[in-house]
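> To start, I am sharing the structure in question, which I have written as structure tokens.
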Amino acid sequence: ELFQKISDSQKDPDEMHRRSIRDEALLDSILQNLNQYLHDEKGILPAQRIFVVSASLMASIGVKNEDEMYKVAPLKPKDLKGSEEEKDTDGDKILNKVSLALKARNLPSEKQKQITNALRNTLVYNNLNKKMPTGMSPIAEIYKKIYDELRPAYLKTNVNDFTGRLFNVMNSWVDVPDGGANDVVLTPRYVTNLMAELCEVDMNSYVWDWALGSGGFLISAMNIMLSDAYERLKKSPEEYQRKVVQIKRDQLLGIELLPDIYMLAVLNMILMGDGSSNIVNENSLTEYNGNYAYKNKKFNANVFLLNPPYSAEGNGLIFVKKAFENMKSGKGAVIIQDSVGTKENARDIKKAILKNNRMIASIKMPIGLFKASVQTSI
């Protein structure tokens with residue numbers, strides 16, 4: 001690891017960018033192969049695949065402390081014996097390891113329960129735990145493949161939005177009701193980074209996203225915040241570590257309605273740095289009240305990042321209106337359909353937004369940015 005860091009520090013930015021592209025291509029290939037395997041050989045339903053892969057990945061990487069020693073050791077494939085006894089199945093063992101990992105990461109107890117409850121039906125109460133003629137259960141065979149192929153890719157590649165990539169390669173994994181599949185799209189990393197920079201994110205920013213998706217915006221913001229904190233506080237390691245904890249625990253918040261995508265976002269934030277405390281599984285427009293996820297206190301956002309569902313009212317501008325109404329000051333960057341500027345149904349929403357806010361700039365984006373090939377601007 002040390003020699004790799006030395007090598008990386010000597011490379012120019014262009015070479016690091018090329019390496020990142022190679023890493024993303026490698027991850028895409030592994031994910032496509034895994035998806036084919038789950039579909040063709042295991043017959044896992046699309047709605048279950050996210051849960052199976054998320055749980056297996058969390059169980060396979062374990063949790064380390066500051067000294068790089070395991071607090072929760074990874075679950076080894078050989079530990080899955082194919083037992084069909086109650087509470088001792090392979091699915092139970094994977095779920096138990098996930099539960100220990102969530103606890104070790106100090107997630108709020110309510111969130112721990114929410115995640116384990118969401119995973120239990122897929123991991124435990126199905127036919128994936130029945131022992132096959134091979135002596136292994138289907139869930140054990142899937143786990144071994146993820147352990148042997150996806151786990152090394154996570155540990156070795158330099159991919160910023162890991163599960164966002166997972167979703168983008170296999171967006172057929174998630175069933176989106178009412179034909180709204182185009183509403184669930186990955187915003188490319190260079191766009192999420194740009195939008196966070198436009199909003200002048202720094203270590204003291206409080207950042208939220210009202211249509212979270214896989215969490216890519218929060219990951220970009222978190223990386224900028226941590227980098228800024230390091231530059232400002234590197235002469236005081238104790239103060240820097242306190243700020244790191246504060247950023248991850250208190251200064252990032254995202255709201256996501258769809259349970260499968262919510263699970264992706266939680267996994268993404270855990271894998272990319274543990275800023276998952278304030279990921280909320282609610283309807284931004286009708287349920288969310290502007291508070292932290294697990295305490296009755298307002299989240300004082302001063303940065304708003306968003307790629308809204310374009311099928312929502314005003315082509316998604318309703319999210320902008322609602323979020324800004326809950327902010328006292330700050331900046332927002334939103335990637336929106338160009339046509340929203342001409343549509344009659346968005347006029348009242350635009351007027352309401354501009355009553356208390358001003359637009360600084362509009363930046364036209366490439367036509368092929370999203371699979372739906374809509375023309376967008378920031």
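Starting from 1 in every chain, residues are counted up; chains themselves are A, B, ... following the order of the structure tokens, and ligands are numbered from 1 as listed.
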Check the DSSP output for the backbone and give back, as an mmCIF file with N, CA, C and O atoms, in the first residue's frame, the residues of stretch 257-343 of chain A in alpha helix (DSSP H).

data_model
loop_
_atom_site.group_PDB
_atom_site.id
_atom_site.type_symbol
_atom_site.label_atom_id
_atom_site.label_comp_id
_atom_site.auth_asym_id
_atom_site.auth_seq_id
_atom_site.Cartn_x
_atom_site.Cartn_y
_atom_site.Cartn_z
ATOM 1 N N PRO A 259 -36.910 2.207 -1.903
ATOM 2 C CA PRO A 259 -36.137 1.410 -0.934
ATOM 3 C C PRO A 259 -34.870 0.787 -1.514
ATOM 4 O O PRO A 259 -33.828 0.759 -0.851
ATOM 5 N N ASP A 260 -34.935 0.290 -2.757
ATOM 6 C CA ASP A 260 -33.761 -0.345 -3.346
ATOM 7 C C ASP A 260 -32.652 0.676 -3.582
ATOM 8 O O ASP A 260 -31.472 0.404 -3.328
ATOM 9 N N ILE A 261 -33.025 1.850 -4.073
ATOM 10 C CA ILE A 261 -32.039 2.885 -4.332
ATOM 11 C C ILE A 261 -31.501 3.432 -3.005
ATOM 12 O O ILE A 261 -30.316 3.748 -2.878
ATOM 13 N N TYR A 262 -32.371 3.523 -2.011
ATOM 14 C CA TYR A 262 -31.939 3.935 -0.665
ATOM 15 C C TYR A 262 -30.847 3.009 -0.151
ATOM 16 O O TYR A 262 -29.831 3.458 0.397
ATOM 17 N N MET A 263 -31.044 1.702 -0.344
ATOM 18 C CA MET A 263 -30.036 0.737 0.099
ATOM 19 C C MET A 263 -28.719 0.955 -0.638
ATOM 20 O O MET A 263 -27.629 0.860 -0.063
ATOM 21 N N LEU A 264 -28.805 1.273 -1.933
ATOM 22 C CA LEU A 264 -27.601 1.589 -2.712
ATOM 23 C C LEU A 264 -26.869 2.780 -2.112
ATOM 24 O O LEU A 264 -25.645 2.776 -1.978
ATOM 25 N N ALA A 265 -27.608 3.828 -1.782
ATOM 26 C CA ALA A 265 -26.997 5.041 -1.251
ATOM 27 C C ALA A 265 -26.309 4.775 0.077
ATOM 28 O O ALA A 265 -25.192 5.241 0.317
ATOM 29 N N VAL A 266 -26.967 4.023 0.955
ATOM 30 C CA VAL A 266 -26.369 3.693 2.252
ATOM 31 C C VAL A 266 -25.078 2.908 2.044
ATOM 32 O O VAL A 266 -24.037 3.209 2.638
ATOM 33 N N LEU A 267 -25.128 1.889 1.176
ATOM 34 C CA LEU A 267 -23.942 1.085 0.897
ATOM 35 C C LEU A 267 -22.836 1.960 0.309
ATOM 36 O O LEU A 267 -21.670 1.856 0.700
ATOM 37 N N ASN A 268 -23.211 2.838 -0.623
ATOM 38 C CA ASN A 268 -22.224 3.702 -1.274
ATOM 39 C C ASN A 268 -21.498 4.570 -0.253
ATOM 40 O O ASN A 268 -20.267 4.681 -0.261
ATOM 41 N N MET A 269 -22.271 5.205 0.634
ATOM 42 C CA MET A 269 -21.657 6.089 1.620
ATOM 43 C C MET A 269 -20.799 5.305 2.607
ATOM 44 O O MET A 269 -19.749 5.779 3.042
ATOM 45 N N ILE A 270 -21.218 4.086 2.951
ATOM 46 C CA ILE A 270 -20.407 3.252 3.836
ATOM 47 C C ILE A 270 -19.095 2.879 3.157
ATOM 48 O O ILE A 270 -18.005 3.019 3.724
ATOM 49 N N LEU A 271 -19.169 2.419 1.911
ATOM 50 C CA LEU A 271 -17.969 1.988 1.199
ATOM 51 C C LEU A 271 -17.033 3.149 0.903
ATOM 52 O O LEU A 271 -15.811 2.995 0.882
ATOM 53 N N MET A 272 -17.593 4.328 0.658
ATOM 54 C CA MET A 272 -16.765 5.469 0.276
ATOM 55 C C MET A 272 -16.353 6.330 1.467
ATOM 56 O O MET A 272 -15.703 7.343 1.294
ATOM 57 N N LEU A 317 -38.555 20.776 -10.780
ATOM 58 C CA LEU A 317 -38.261 22.042 -10.103
ATOM 59 C C LEU A 317 -38.960 22.164 -8.753
ATOM 60 O O LEU A 317 -38.553 22.970 -7.910
ATOM 61 N N ILE A 318 -40.002 21.367 -8.526
ATOM 62 C CA ILE A 318 -40.686 21.399 -7.240
ATOM 63 C C ILE A 318 -39.722 21.053 -6.102
ATOM 64 O O ILE A 318 -39.820 21.587 -4.991
ATOM 65 N N PHE A 319 -38.736 20.166 -6.374
ATOM 66 C CA PHE A 319 -37.725 19.822 -5.361
ATOM 67 C C PHE A 319 -36.869 21.045 -5.020
ATOM 68 O O PHE A 319 -36.500 21.252 -3.866
ATOM 69 N N VAL A 320 -36.539 21.828 -6.041
ATOM 70 C CA VAL A 320 -35.720 23.026 -5.837
ATOM 71 C C VAL A 320 -36.477 24.022 -4.951
ATOM 72 O O VAL A 320 -35.928 24.584 -3.992
ATOM 73 N N LYS A 321 -37.746 24.233 -5.272
ATOM 74 C CA LYS A 321 -38.576 25.159 -4.487
ATOM 75 C C LYS A 321 -38.625 24.734 -3.021
ATOM 76 O O LYS A 321 -38.391 25.537 -2.115
ATOM 77 N N LYS A 322 -38.937 23.461 -2.785
ATOM 78 C CA LYS A 322 -39.093 22.950 -1.412
ATOM 79 C C LYS A 322 -37.780 23.038 -0.639
ATOM 80 O O LYS A 322 -37.757 23.429 0.537
ATOM 81 N N ALA A 323 -36.675 22.661 -1.290
ATOM 82 C CA ALA A 323 -35.387 22.669 -0.597
ATOM 83 C C ALA A 323 -34.963 24.088 -0.241
ATOM 84 O O ALA A 323 -34.522 24.367 0.885
ATOM 85 N N PHE A 324 -35.084 25.017 -1.199
ATOM 86 C CA PHE A 324 -34.692 26.399 -0.935
ATOM 87 C C PHE A 324 -35.544 27.032 0.156
ATOM 88 O O PHE A 324 -35.078 27.906 0.895
ATOM 89 N N GLU A 325 -36.803 26.611 0.247
ATOM 90 C CA GLU A 325 -37.670 27.135 1.312
ATOM 91 C C GLU A 325 -37.177 26.708 2.697
ATOM 92 O O GLU A 325 -37.516 27.329 3.701
#
> Just want the 12 Å neighbourhood of stretch 248-250 of chain A, counted on only C-alpha atoms, with same-chain residues fewer than 5 positions away dropped. Output as a VMD selection string.
chain A and resid 105 to 108 203 to 208 218 to 219 221 to 223 225 to 226 241 to 243 269 to 270 272 to 279 291 to 295 297 to 301
> Please identify all polymer residues within 8 Å of A:Ala55, counting only C-alpha atoms, omitting same-chain residues fewer than 6 positions from it, and present them as an MDAnalysis selection string.
chainID A and resid 94:95 98 119
> What separation in Å, quoted to one decimal, exists between atom CA of A:Asn315 and atom CA of A:Ile336?
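Atom CA of A:Ile336 lies at a distance of 7.8 Å from atom CA of A:Asn315.
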> Extract the full set of strand (DSSP E) residues from stretch 5-99 of chain A according to DSSP on the backbone, and format it as JSON, numbers by chain.
{"A": [63, 64, 70, 71, 72]}
> With only C-alpha atoms as the counted atoms, please give the residues lying no more than 10 Å from A:Met359, apart from itself and same-chain residues fewer than 2 positions off, as a list in words.
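Listed by chain and then number, they are Lys331, Gly332, Ala333, Ile353, Leu354, Asn357, Ala361 and Ser362 of chain A.
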> Find the residue from A:Leu102, A:Ala25, A:Ala211, A:Leu369 that sits nearest to A:Glu282; use only C-alpha atoms when measuring.
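Using only C-alpha atoms, the shortest distance to A:Glu282 belongs to A:Ala211.
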> Can you work out the spacing between atom CA of A:Lys364 and atom CA of A:Tyr310 in Å, to one decimal?
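Computing it gives 16.7 Å between the two atoms.
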> Using only C-alpha atoms, which of A:Asp92, A:Glu1, A:Glu256, A:Asp40 sits nearest A:Ser56?
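Nearest candidate to A:Ser56 out of A:Asp92, A:Glu1, A:Glu256, A:Asp40: A:Asp92.
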> Find the residue from A:Leu212, A:Ile6, A:Ala312, A:Met365 that sits nearest to A:Val280; use only C-alpha atoms when measuring.
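Answer, going by the shortest atom-to-atom distance: A:Leu212.
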